[in-house]
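Participant: Quick one, work-v8.cif (mmCIF, C-alpha atoms and all ligand atoms):
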```cif
data_input
loop_
_atom_site.label_atom_id
_atom_site.label_comp_id
_atom_site.auth_asym_id
_atom_site.auth_seq_id
_atom_site.Cartn_x
_atom_site.Cartn_y
_atom_site.Cartn_z
CA MET A 1 0.00 0.00 0.00
CA GLN A 2 1.23 3.50 -0.86
CA PHE A 3 0.89 6.54 1.40
CA ILE A 4 0.23 8.63 -1.75
CA ASP A 5 -0.07 6.58 -4.94
CA LEU A 6 1.21 8.81 -7.73
CA ALA A 7 1.76 5.79 -9.98
CA ALA A 8 -1.98 5.00 -10.04
CA GLN A 9 -2.68 8.50 -11.34
CA GLN A 10 0.10 8.22 -13.89
CA ARG A 11 -1.28 4.95 -15.25
CA ARG A 12 -4.53 6.82 -16.04
CA ILE A 13 -3.04 9.81 -17.86
CA ARG A 14 0.49 8.86 -18.90
CA LYS A 15 -0.24 9.31 -22.62
CA LYS A 16 -1.68 12.76 -22.05
CA ILE A 17 1.32 13.80 -19.95
CA GLU A 18 3.72 12.53 -22.60
CA ALA A 19 1.81 14.44 -25.31
CA HIS A 20 1.98 17.66 -23.30
CA MET A 21 5.71 17.21 -22.63
CA ALA A 22 6.36 16.40 -26.28
CA ARG A 23 4.73 19.69 -27.25
CA VAL A 24 7.27 21.54 -25.10
CA LEU A 25 10.13 19.60 -26.71
CA ASP A 26 8.73 20.61 -30.10
CA HIS A 27 8.40 24.34 -29.45
CA GLY A 28 11.51 24.55 -27.25
CA GLN A 29 10.39 27.50 -25.08
CA TYR A 30 11.61 25.95 -21.83
CA ILE A 31 11.49 29.23 -19.87
CA LEU A 32 8.10 30.98 -19.60
CA GLY A 33 6.72 29.10 -22.59
CA PRO A 34 3.03 29.29 -23.54
CA GLU A 35 2.04 26.52 -21.08
CA VAL A 36 2.92 28.80 -18.15
CA ALA A 37 0.46 31.52 -19.18
CA GLU A 38 -2.14 28.90 -20.06
CA LEU A 39 -1.87 27.30 -16.61
CA GLU A 40 -2.02 30.72 -14.93
CA GLY A 41 -5.20 31.55 -16.84
CA ARG A 42 -6.86 28.23 -16.12
CA LEU A 43 -6.11 28.23 -12.42
CA ALA A 44 -7.11 31.87 -11.96
CA ALA A 45 -10.47 31.00 -13.57
CA LEU A 46 -10.86 27.79 -11.55
CA VAL A 47 -10.27 29.35 -8.13
CA GLY A 48 -11.85 32.69 -8.99
CA ALA A 49 -8.75 34.81 -8.35
CA PRO A 50 -8.21 37.84 -10.61
CA HIS A 51 -4.47 37.09 -11.10
CA ALA A 52 -2.30 33.97 -11.00
CA LEU A 53 1.47 33.84 -11.28
CA GLY A 54 3.39 30.61 -11.82
CA CYS A 55 6.63 30.29 -9.86
CA ALA A 56 9.29 27.77 -8.93
CA SER A 57 7.83 26.38 -5.68
CA GLY A 58 5.31 27.02 -2.93
CA THR A 59 8.13 28.47 -0.86
CA ASP A 60 8.97 30.96 -3.62
CA ALA A 61 5.27 31.78 -3.88
CA LEU A 62 5.29 32.79 -0.20
CA LEU A 63 8.54 34.71 -0.64
CA LEU A 64 7.18 36.62 -3.65
CA ALA A 65 4.05 37.58 -1.70
CA LEU A 66 6.09 38.89 1.25
CA LEU A 67 8.54 40.70 -1.04
CA ALA A 68 5.64 42.35 -2.87
CA LEU A 69 4.39 43.68 0.48
CA LYS A 70 7.95 44.94 1.24
CA ILE A 71 8.07 43.02 4.50
CA GLY A 72 11.42 43.29 6.28
CA PRO A 73 13.24 44.02 9.55
CA GLY A 74 11.04 45.36 12.33
CA ASP A 75 7.90 43.82 10.83
CA ALA A 76 5.81 41.14 12.53
CA VAL A 77 4.15 38.42 10.49
CA PHE A 78 1.66 36.29 12.41
CA LEU A 79 1.45 32.61 11.57
CA PRO A 80 0.40 29.36 13.19
CA ALA A 81 2.92 27.56 15.40
CA PHE A 82 1.88 24.21 13.91
CA THR A 83 2.50 23.88 10.17
CA PHE A 84 5.25 23.20 7.64
CA PHE A 85 8.36 25.36 8.13
CA ALA A 86 8.30 27.28 4.81
CA GLY A 87 6.21 30.24 6.02
CA ALA A 88 8.37 30.98 9.06
CA GLU A 89 11.46 30.42 6.94
CA VAL A 90 10.66 33.09 4.35
CA VAL A 91 9.67 35.59 7.05
CA MET A 92 13.04 35.04 8.74
CA LEU A 93 14.94 35.15 5.42
CA LEU A 94 13.59 38.67 4.90
CA GLY A 95 14.76 39.72 8.37
CA ALA A 96 11.17 40.07 9.63
CA THR A 97 9.91 38.39 12.79
CA PRO A 98 7.53 35.44 12.85
CA VAL A 99 5.06 35.95 15.70
CA PHE A 100 3.53 32.54 16.25
CA VAL A 101 -0.10 32.06 17.18
CA ASP A 102 -1.49 28.86 18.65
CA ILE A 103 -3.87 26.66 16.66
CA ALA A 104 -7.51 25.78 17.29
CA SER A 105 -7.80 22.27 18.74
CA ASP A 106 -10.62 21.21 16.38
CA THR A 107 -9.25 22.34 12.99
CA TYR A 108 -5.46 22.58 13.70
CA ASN A 109 -5.56 25.95 11.91
CA LEU A 110 -4.58 29.35 13.33
CA ASP A 111 -6.89 30.27 16.21
CA PRO A 112 -8.40 33.66 15.34
CA LEU A 113 -9.33 34.23 18.98
CA LYS A 114 -5.60 34.49 19.76
CA LEU A 115 -4.66 36.66 16.80
CA GLU A 116 -5.93 39.96 18.18
CA ARG A 117 -3.95 39.65 21.43
CA ALA A 118 -0.90 38.61 19.43
CA ALA A 119 -1.10 41.77 17.33
CA VAL A 120 -1.52 44.04 20.36
CA ALA A 121 1.29 42.22 22.18
CA ALA A 122 3.68 42.61 19.22
CA ARG A 123 2.89 46.27 18.73
CA THR A 124 3.25 47.11 22.43
CA ALA A 125 6.06 44.61 23.16
CA ASP A 126 3.97 43.11 25.96
CA PRO A 127 4.56 39.35 26.34
CA ARG A 128 1.96 39.15 29.14
CA LEU A 129 -0.74 39.34 26.46
CA HIS A 130 0.72 36.69 24.15
CA PRO A 131 4.02 34.76 23.99
CA LEU A 132 6.43 36.87 21.94
CA PRO A 133 9.91 36.15 20.63
CA GLU A 134 12.63 37.36 23.01
CA HIS A 135 14.61 38.64 20.02
CA PRO A 136 14.29 41.18 18.63
CA ALA A 137 13.21 43.01 21.79
CA GLY A 138 10.89 45.99 21.54
CA PRO A 139 7.76 46.79 19.56
CA LEU A 140 7.24 45.25 16.14
CA LYS A 141 5.12 46.60 13.30
CA PRO A 142 2.24 44.18 12.66
CA ARG A 143 2.17 43.80 8.86
CA ALA A 144 0.64 40.51 7.75
CA VAL A 145 -1.01 37.31 8.87
CA LEU A 146 0.05 34.19 7.02
CA ALA A 147 -2.86 31.81 7.57
CA VAL A 148 -2.29 28.19 6.57
CA ASP A 149 -4.97 25.82 5.24
CA LEU A 150 -3.51 22.83 7.06
CA PHE A 151 -4.03 19.35 5.60
CA GLY A 152 -6.32 20.95 2.95
CA LEU A 153 -8.82 22.64 5.27
CA PRO A 154 -9.17 26.43 4.86
CA ALA A 155 -8.36 28.56 7.91
CA ASP A 156 -11.16 30.68 9.37
CA TYR A 157 -10.87 33.58 6.91
CA GLY A 158 -14.10 35.27 8.04
CA ALA A 159 -12.74 35.85 11.55
CA ILE A 160 -9.15 36.41 10.42
CA ALA A 161 -10.09 39.07 7.85
CA ALA A 162 -12.14 41.02 10.40
CA LEU A 163 -9.25 41.10 12.90
CA ALA A 164 -6.72 41.82 10.18
CA GLN A 165 -8.69 44.82 9.05
CA ALA A 166 -8.87 46.19 12.57
CA GLU A 167 -5.09 45.81 12.97
CA GLY A 168 -4.13 46.92 9.44
CA LEU A 169 -2.72 43.49 8.53
CA THR A 170 -2.65 42.03 5.03
CA VAL A 171 -3.94 38.46 4.97
CA ILE A 172 -1.90 35.95 2.99
CA GLU A 173 -3.35 32.49 2.45
CA ASP A 174 -0.89 29.60 2.48
CA ALA A 175 -2.90 27.32 0.22
CA ALA A 176 0.02 24.95 -0.42
CA GLN A 177 -2.07 22.02 0.82
CA SER A 178 -5.55 23.26 -0.05
CA LEU A 179 -5.93 23.79 -3.78
CA GLY A 180 -9.42 22.48 -4.49
CA ALA A 181 -10.78 23.26 -1.00
CA ARG A 182 -13.69 25.64 -0.50
CA GLN A 183 -15.13 27.91 2.18
CA GLN A 184 -18.62 29.36 1.90
CA GLY A 185 -18.50 28.42 -1.79
CA ARG A 186 -15.23 30.25 -2.49
CA TRP A 187 -12.15 28.33 -3.56
CA ALA A 188 -8.89 28.20 -1.65
CA GLY A 189 -6.46 30.48 -3.44
CA ALA A 190 -9.10 33.23 -3.48
CA LEU A 191 -9.80 33.45 0.25
CA ALA A 192 -7.32 36.30 0.86
CA PRO A 193 -5.86 39.18 -1.20
CA LEU A 194 -2.69 37.11 -1.70
CA ALA A 195 -2.47 33.33 -1.72
CA ALA A 196 0.38 30.91 -2.34
CA THR A 197 0.09 27.32 -3.45
CA SER A 198 2.49 24.47 -4.11
CA PHE A 199 2.60 21.87 -6.85
CA TYR A 200 5.08 19.67 -4.99
CA PRO A 201 4.44 16.17 -6.42
CA ALA A 202 2.50 14.93 -3.36
CA LYS A 203 0.12 17.92 -3.23
CA PRO A 204 -3.51 17.59 -4.42
CA LEU A 205 -2.39 19.07 -7.77
CA GLY A 206 1.22 17.96 -8.09
CA ALA A 207 3.87 18.46 -10.78
CA TYR A 208 6.81 16.16 -11.52
CA GLY A 209 9.22 18.44 -9.69
CA ASP A 210 9.01 21.70 -7.76
CA ALA A 211 6.49 24.34 -8.82
CA GLY A 212 4.12 26.84 -7.24
CA MET A 213 1.71 29.71 -7.86
CA VAL A 214 0.72 33.02 -6.26
CA PHE A 215 -2.83 34.31 -6.62
CA ALA A 216 -3.47 38.03 -6.21
CA SER A 217 -6.57 40.18 -6.14
CA GLU A 218 -4.77 43.43 -7.05
CA PRO A 219 -3.16 44.00 -10.47
CA GLU A 220 -0.38 46.11 -8.89
CA LEU A 221 0.75 43.24 -6.66
CA ASP A 222 0.61 40.80 -9.57
CA ALA A 223 2.77 43.14 -11.70
CA ILE A 224 5.36 43.54 -8.93
CA MET A 225 5.55 39.76 -8.41
CA ARG A 226 5.91 39.18 -12.18
CA SER A 227 8.94 41.44 -12.06
CA LEU A 228 10.25 39.87 -8.84
CA ARG A 229 10.08 36.31 -10.17
CA MET A 230 12.51 37.30 -12.94
CA HIS A 231 15.31 39.26 -11.25
CA GLY A 232 13.17 42.36 -10.74
CA MET A 233 13.00 42.94 -14.48
CA GLY A 234 11.45 46.04 -16.04
CA ALA A 235 10.48 46.57 -19.68
CA HIS A 236 13.00 43.95 -20.86
CA ALA A 237 15.16 41.16 -19.47
CA TYR A 238 18.20 43.38 -18.82
CA GLU A 239 16.43 46.24 -17.11
CA HIS A 240 16.14 45.66 -13.35
CA LEU A 241 13.75 47.77 -11.29
CA ARG A 242 14.16 45.95 -7.98
CA VAL A 243 16.12 43.14 -6.38
CA GLY A 244 14.22 39.94 -7.13
CA LEU A 245 14.73 36.24 -7.63
CA ASN A 246 14.94 33.60 -10.29
CA ALA A 247 11.64 32.01 -9.30
CA ARG A 248 10.01 31.13 -12.62
CA LEU A 249 7.74 28.14 -13.18
CA ASP A 250 9.34 25.68 -15.65
CA THR A 251 7.40 25.28 -18.89
CA MET A 252 7.79 21.51 -18.60
CA GLN A 253 6.16 21.49 -15.15
CA ALA A 254 3.34 23.70 -16.45
CA ALA A 255 2.78 21.16 -19.25
CA VAL A 256 2.55 18.31 -16.73
CA LEU A 257 0.17 20.32 -14.57
CA LEU A 258 -2.09 21.14 -17.53
CA ALA A 259 -2.46 17.41 -18.20
CA LYS A 260 -3.23 16.70 -14.55
CA LEU A 261 -5.64 19.63 -14.34
CA GLU A 262 -7.97 17.82 -16.76
CA ILE A 263 -8.76 15.24 -14.07
CA PHE A 264 -8.24 17.46 -11.03
CA GLU A 265 -11.90 18.08 -10.18
CA GLU A 266 -12.70 14.41 -10.61
CA GLU A 267 -9.80 13.58 -8.29
CA LEU A 268 -11.08 16.08 -5.73
CA ALA A 269 -14.42 14.26 -5.74
CA LEU A 270 -12.61 10.94 -5.27
CA ARG A 271 -10.69 12.41 -2.32
CA GLN A 272 -14.03 13.40 -0.75
CA GLU A 273 -15.26 9.83 -1.18
CA VAL A 274 -12.12 8.43 0.42
CA ALA A 275 -12.37 10.88 3.33
CA GLY A 276 -16.08 10.11 3.75
CA ARG A 277 -15.31 6.38 3.97
CA TYR A 278 -12.60 6.98 6.58
CA HIS A 279 -15.06 9.09 8.66
CA LYS A 280 -17.61 6.29 8.70
CA LEU A 281 -15.11 3.51 9.31
CA LEU A 282 -13.25 5.33 12.09
CA ALA A 283 -16.27 6.81 13.90
CA GLY A 284 -16.05 4.28 16.72
CA ALA A 285 -12.29 3.67 16.80
CA PRO A 286 -11.20 3.88 20.46
CA GLY A 287 -8.68 6.55 21.42
CA LEU A 288 -8.67 8.13 17.97
CA ARG A 289 -10.18 11.41 16.75
CA PRO A 290 -10.85 11.75 13.01
CA PRO A 291 -10.43 15.20 11.41
CA GLN A 292 -13.26 17.71 11.77
CA VAL A 293 -14.54 19.95 8.99
CA PRO A 294 -16.51 23.06 10.05
CA GLN A 295 -19.84 23.72 8.35
CA GLY A 296 -19.44 25.68 5.14
CA SER A 297 -15.94 24.30 4.47
CA VAL A 298 -14.80 21.57 2.09
CA SER A 299 -11.31 20.17 2.58
CA ALA A 300 -9.04 19.26 -0.34
CA TRP A 301 -7.83 16.34 1.83
CA ALA A 302 -4.13 16.76 1.19
CA GLN A 303 -3.78 14.66 4.34
CA TYR A 304 -6.18 12.61 6.42
CA SER A 305 -4.71 13.17 9.87
CA VAL A 306 -6.05 11.59 13.04
CA LEU A 307 -5.34 12.41 16.68
CA ALA A 308 -4.34 9.63 19.09
CA ALA A 309 -5.37 9.88 22.75
CA ASP A 310 -1.76 10.20 23.89
CA PRO A 311 1.79 9.94 22.48
CA ALA A 312 2.18 6.26 23.50
CA LYS A 313 -1.07 5.39 21.72
CA ARG A 314 0.18 7.08 18.55
CA GLN A 315 3.35 5.03 18.64
CA GLU A 316 1.44 1.82 19.26
CA LEU A 317 -1.02 2.45 16.40
CA ARG A 318 1.68 3.47 13.94
CA GLU A 319 3.72 0.37 14.78
CA ARG A 320 0.66 -1.84 14.36
CA LEU A 321 -0.04 -0.33 10.94
CA ALA A 322 3.63 -0.54 9.90
CA GLN A 323 3.71 -4.24 10.75
CA ALA A 324 0.73 -4.71 8.44
CA GLN A 325 2.56 -2.77 5.67
CA VAL A 326 0.35 0.29 6.06
CA PRO A 327 2.52 3.45 5.81
CA THR A 328 1.75 6.45 8.04
CA ALA A 329 3.51 9.80 8.57
CA VAL A 330 3.63 12.47 11.26
CA HIS A 331 2.73 15.96 10.07
CA TYR A 332 4.36 17.54 12.08
CA PRO A 333 6.40 16.13 14.95
CA LYS A 334 7.72 19.50 16.23
CA PRO A 335 5.94 22.88 16.31
CA LEU A 336 7.76 25.75 14.63
CA HIS A 337 8.58 27.72 17.80
CA LEU A 338 10.62 24.74 19.08
CA GLN A 339 12.59 24.18 15.88
CA GLU A 340 16.36 24.62 16.06
CA ALA A 341 16.17 27.06 13.13
CA CYS A 342 13.97 29.34 15.25
CA ALA A 343 16.16 29.13 18.38
CA SER A 344 17.45 32.69 17.84
CA LEU A 345 13.88 33.97 18.40
CA GLY A 346 13.88 32.66 21.98
CA TYR A 347 10.46 31.02 22.18
CA ARG A 348 9.99 28.42 24.93
CA PRO A 349 8.26 25.07 25.41
CA GLY A 350 4.77 25.76 26.74
CA ASP A 351 4.33 28.97 24.68
CA PHE A 352 1.78 27.33 22.35
CA PRO A 353 0.21 24.39 24.22
CA VAL A 354 -2.31 23.28 21.58
CA ALA A 355 0.40 23.10 18.92
CA GLU A 356 2.63 21.10 21.28
CA PHE A 357 -0.21 18.75 22.32
CA THR A 358 -1.15 18.13 18.68
CA ALA A 359 2.44 17.53 17.51
CA GLU A 360 2.76 14.72 20.06
CA ARG A 361 -0.43 12.92 19.05
CA ILE A 362 -1.24 13.48 15.38
CA PHE A 363 -0.48 11.14 12.49
CA SER A 364 -1.59 10.84 8.88
CA LEU A 365 -3.10 7.81 7.15
CA PRO A 366 -2.70 6.87 3.47
CA MET A 367 -4.74 9.38 1.43
CA HIS A 368 -5.03 9.73 -2.35
CA PRO A 369 -7.85 9.60 -4.91
CA TYR A 370 -7.19 5.97 -5.81
CA LEU A 371 -7.26 4.44 -2.31
CA GLU A 372 -9.67 1.51 -2.44
CA ALA A 373 -12.49 0.77 -0.02
CA ALA A 374 -10.97 -2.61 0.85
CA GLU A 375 -7.66 -0.97 1.78
CA GLN A 376 -9.46 1.54 4.00
CA GLU A 377 -11.46 -1.23 5.65
CA ARG A 378 -8.20 -3.04 6.47
CA ILE A 379 -6.71 0.16 7.94
CA ALA A 380 -9.86 0.81 10.01
CA ALA A 381 -9.94 -2.78 11.29
CA LEU A 382 -6.35 -2.39 12.51
CA LEU A 383 -7.14 0.93 14.18
CA SER A 384 -10.32 -0.37 15.78
CA GLN A 385 -8.59 -3.12 17.74
CA GLY A 386 -8.27 -0.66 20.61
C1 LIG B 401 1.83 24.56 4.36
C2 LIG B 401 2.94 24.59 3.36
N1 LIG B 401 3.48 25.78 3.01
C3 LIG B 401 4.46 25.86 2.10
C4 LIG B 401 4.98 24.75 1.49
C5 LIG B 401 6.11 24.89 0.55
O1 LIG B 401 5.87 24.41 -0.74
P1 LIG B 401 7.06 23.87 -1.66
O2 LIG B 401 7.49 22.55 -1.12
O3 LIG B 401 6.44 23.78 -3.02
O4 LIG B 401 8.16 24.90 -1.61
C6 LIG B 401 4.44 23.49 1.81
C7 LIG B 401 4.91 22.28 1.13
O5 LIG B 401 5.55 21.45 1.29
C8 LIG B 401 3.40 23.41 2.78
O6 LIG B 401 2.89 22.23 3.13
#
```
Show me the file's structure as structure tokens.
Facilitator:
Amino acid sequence: MQFIDLAAQQRRIRKKIEAHMARVLDHGQYILGPEVAELEGRLAALVGAPHALGCASGTDALLLALLALKIGPGDAVFLPAFTFFAGAEVVMLLGATPVFVDIASDTYNLDPLKLERAAVAARTADPRLHPLPEHPAGPLKPRAVLAVDLFGLPADYGAIAALAQAEGLTVIEDAAQSLGARQQGRWAGALAPLAATSFYPAKPLGAYGDAGMVFASEPELDAIMRSLRMHGMGAHAYEHLRVGLNARLDTMQAAVLLAKLEIFEEELALRQEVAGRYHKLLAGAPGLRPPQVPQGSVSAWAQYSVLAADPAKRQELRERLAQAQVPTAVHYPKPLHLQEACASLGYRPGDFPVAEFTAERIFSLPMHPYLEAAEQERIAALLSQG
């Protein structure tokens, strides 16, 4: 059994992928060829975002968004303490300060109730209101909130947007795991003025290498990011208006993605079926909490992550599954504030208790559109043994 079975998908559409790649070999425009613009247009239309910009990875997508907002030293960017490292990484690369916010225990996404206090604490340098980094000391300028749609479930953008407006923060959606998800009928990628997604091969829409995209609601931001993704270029390739990056989306990856896009919505429906079967099968499993989806939201089910009653139970269940050749993974074993790479910020264990509790208990089960009912029944039987 595969954790994510990319080969099953490839068996379905291999000919189409080869035809798309052959077209790139024929026209030879390997950098910003026509497939890049075509993919941008199709995804902008699909998610309902006014602008879409292909780039080299989800991490570059986040970096481009922060660069476009001119985020730098002295600025605070608020983000959940429990997620993949990329968001905190790009904030720190720019010399800005990640101000972590704890997650909600039911969705594992940023807890909006804690965001307001975090913003006031950062602006007034008052750690009694909210755990702050020890370094840099002194007030920070609250600039942006980087909300993450963890495991494919959109963060609570209604609440986040209201608080962000009151504090003058720009909301950025990290939709790396959530392309295809919806909230109140709107697609992930269009839930904030700026959104970043990833086409890392294991993502719901995955390339055959690294690739990403930034969605923007404002034409000015899109234009700045278009320049930034190509060395800050101006009217032509050798005019540079700003310091940027080489962060272009490969034409070949765009061609692969266009082939996969043809079956993407069907695959999203299959993911829903797989998740629905897990819900039913695991409803009575002792000591295990299946994921919860708030009303009005639809997850893209990048991961199907369950919560064990305690750390020992997680280990026991994972070992039981491993012995039966069922792969599992832990997303994520260590919250961001306790990562070695963040040590210079001076956060402490206990700062974000829900993130720490979750990191010790969560684990992910095999999840992909082609997971069969019989395989899920076997997994559930193993988990239901108590
Ligand atoms: C939440 C989140 N943000 C950002 C990224 C970074 O994306 P990429 O691996 O394409 O750079 C990932 C992916 O791994 C992710 O899961």
Participant: Could you list, as a PyMOL selection string, every residue within 7 Å of His337 (chain A), counting all atoms listed in the file and ignoring same-chain residues fewer than 5 positions away?
Facilitator: chain A and resi 81+342+347
Participant: Would you mind telling me which residue in A:Asp126, A:Asp60, A:Asp106, A:Glu377 lies nearest to ligand LIG 401 (chain B) when using only C-alpha atoms and all ligand atoms?
Facilitator: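 Ranking A:Asp126, A:Asp60, A:Asp106, A:Glu377 by distance to ligand LIG 401 (chain B), first place goes to A:Asp60.
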Participant: Please identify all polymer residues within 6 Å of region 99-102 of chain A, counting all atoms listed in the file, omitting same-chain residues fewer than 2 positions from it, and present them as a short mmCIF file (atom, residue, chain, number, x, y, z; two decimals) with C-alpha atoms, keeping the file's coordinate frame.
Facilitator:
```cif
data_model
loop_
_atom_site.label_atom_id
_atom_site.label_comp_id
_atom_site.auth_asym_id
_atom_site.auth_seq_id
_atom_site.Cartn_x
_atom_site.Cartn_y
_atom_site.Cartn_z
CA VAL A 77 4.15 38.42 10.49
CA PHE A 78 1.66 36.29 12.41
CA LEU A 79 1.45 32.61 11.57
CA PRO A 80 0.40 29.36 13.19
CA ALA A 81 2.92 27.56 15.40
CA PHE A 352 1.78 27.33 22.35
#
```
Participant: Quick one: residues within 8 Å of Gly244 (chain A), all atoms listed in the file, excluding same-chain residues fewer than 5 positions away - as a PyMOL selection string?
Facilitator: chain A and resi 227-232
Participant: Record the distance separating CA of Leu25 (chain A) and atom P1 of ligand LIG 401 (chain B), expressed in Å with one decimal.
Facilitator: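 That distance, rounded to one decimal, is 25.6 Å.
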Participant: Please determine, counting only C-alpha atoms, which residue among A:Ala19, A:Ile103, A:Ala255, A:Ala343 has the shortest atom-to-atom distance to Thr358 (chain A).
Facilitator: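 The answer is A:Ile103, which sits nearest to Thr358 (chain A).
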Participant: Check which residues fall inside 8 Å of ligand LIG 401 (chain B) when counting only C-alpha atoms and all ligand atoms, and print them as a PyMOL selection string.
Facilitator: chain A and resi 56-62+83-87+148-151+174-177+196-200+203+210-212
Participant: Just to be explicit: take each residue in the selection above, keep C-alpha atoms, and write the result as a CSV table (one decimal), in the frame of the given file.
Facilitator:
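And here's selection12.csv as it stands now:
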```csv
chain,number,residue,atom,x,y,z
A,56,ALA,CA,9.3,27.8,-8.9
A,57,SER,CA,7.8,26.4,-5.7
A,58,GLY,CA,5.3,27.0,-2.9
A,59,THR,CA,8.1,28.5,-0.9
A,60,ASP,CA,9.0,31.0,-3.6
A,61,ALA,CA,5.3,31.8,-3.9
A,62,LEU,CA,5.3,32.8,-0.2
A,83,THR,CA,2.5,23.9,10.2
A,84,PHE,CA,5.2,23.2,7.6
A,85,PHE,CA,8.4,25.4,8.1
A,86,ALA,CA,8.3,27.3,4.8
A,87,GLY,CA,6.2,30.2,6.0
A,148,VAL,CA,-2.3,28.2,6.6
A,149,ASP,CA,-5.0,25.8,5.2
A,150,LEU,CA,-3.5,22.8,7.1
A,151,PHE,CA,-4.0,19.4,5.6
A,174,ASP,CA,-0.9,29.6,2.5
A,175,ALA,CA,-2.9,27.3,0.2
A,176,ALA,CA,0.0,25.0,-0.4
A,177,GLN,CA,-2.1,22.0,0.8
A,196,ALA,CA,0.4,30.9,-2.3
A,197,THR,CA,0.1,27.3,-3.4
A,198,SER,CA,2.5,24.5,-4.1
A,199,PHE,CA,2.6,21.9,-6.8
A,200,TYR,CA,5.1,19.7,-5.0
A,203,LYS,CA,0.1,17.9,-3.2
A,210,ASP,CA,9.0,21.7,-7.8
A,211,ALA,CA,6.5,24.3,-8.8
A,212,GLY,CA,4.1,26.8,-7.2
```
Participant: Go through A:Ala52, A:Ala355, A:Val274, A:Ala155 one by one, measure the shortest atom-to-atom distance of each to Gly296 (chain A) using all atoms listed in the file, and give the residue with the smallest value.
Facilitator: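 Result for the nearest residue to Gly296 (chain A): A:Ala155.
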Participant: Per residue of region 234-318 of chain A within 12 Å of region 221-224 of chain A, which atom pair is closest and at what distance in Å (one decimal), using only C-alpha atoms, listed by chain and increasing number, as a tab-separated table?
Facilitator:
```
residue	atom	partner	partner_atom	distance
A:Gly234	CA	A:Ile224	CA	9.7
A:Ala235	CA	A:Ala223	CA	11.6
A:His240	CA	A:Ile224	CA	11.8
A:Leu241	CA	A:Ile224	CA	9.7
A:Arg242	CA	A:Ile224	CA	9.2
A:Val243	CA	A:Ile224	CA	11.1
A:Gly244	CA	A:Ile224	CA	9.7
A:Leu245	CA	A:Ile224	CA	11.9
```
Participant: If we count all atoms listed in the file, what is near Ala285 (chain A) at a cut-off of 7 Å, once residues fewer than 2 positions away on the same chain are taken out, given as a PyMOL selection string?
Facilitator: chain A and resi 282-283+287-288+383-384
Participant: For the residues in the current selection, export C-alpha atoms as a PDB file, keeping the file's coordinate frame.
Facilitator:
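This went into part-v8.pdb:
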```
ATOM      1  CA  LEU A 282     -13.250   5.330  12.090  1.00  0.00           C
ATOM      2  CA  ALA A 283     -16.270   6.810  13.900  1.00  0.00           C
ATOM      3  CA  GLY A 287      -8.680   6.550  21.420  1.00  0.00           C
ATOM      4  CA  LEU A 288      -8.670   8.130  17.970  1.00  0.00           C
ATOM      5  CA  LEU A 383      -7.140   0.930  14.180  1.00  0.00           C
ATOM      6  CA  SER A 384     -10.320  -0.370  15.780  1.00  0.00           C
TER       7      SER A 384
END
```
Participant: Go through A:Leu64, A:Ala202, A:Ala162, A:Ala96 one by one, measure the shortest atom-to-atom distance of each to His368 (chain A) using all atoms listed in the file, and give the residue with the smallest value.
Facilitator: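 Checking each of A:Leu64, A:Ala202, A:Ala162, A:Ala96 against His368 (chain A), counting all atoms listed in the file, the winner is A:Ala202.
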Participant: Could you check the closest approach to Asp5 (chain A) for each of A:Lys313, A:Ala22, A:Asp351, A:Gly206 and tell me which residue wins, using only C-alpha atoms?
Facilitator: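 The answer is A:Gly206, which sits nearest to Asp5 (chain A).
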Participant: Find the residue from A:Pro201, A:Pro127, A:Gly152, A:Pro98 that sits nearest to Gln10 (chain A); use all atoms listed in the file when measuring.
Facilitator: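 Answer, going by the shortest atom-to-atom distance: A:Pro201.
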Participant: With a distance cut-off of 8 Å and only C-alpha atoms, select the neighbouring residues of Glu267 (chain A), excluding the residue or stretch itself and same-chain residues fewer than 4 positions from it, and output the selection as a list in words.
Facilitator: Ile263, Arg271 and Pro369 of chain A
Participant: When you draw a straight line from CA of Gln165 (chain A) to CA of Ala144 (chain A), how long is it in Å?
Facilitator: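 Separation between CA of Gln165 (chain A) and CA of Ala144 (chain A): 10.4 Å.
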Participant: Report, in Å to a single decimal, how far apart CA of Thr107 (chain A) and CA of Ala380 (chain A) are.
Facilitator: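 Computing the Euclidean distance for CA of Ala380 (chain A) and CA of Thr107 (chain A) yields 21.7 Å.
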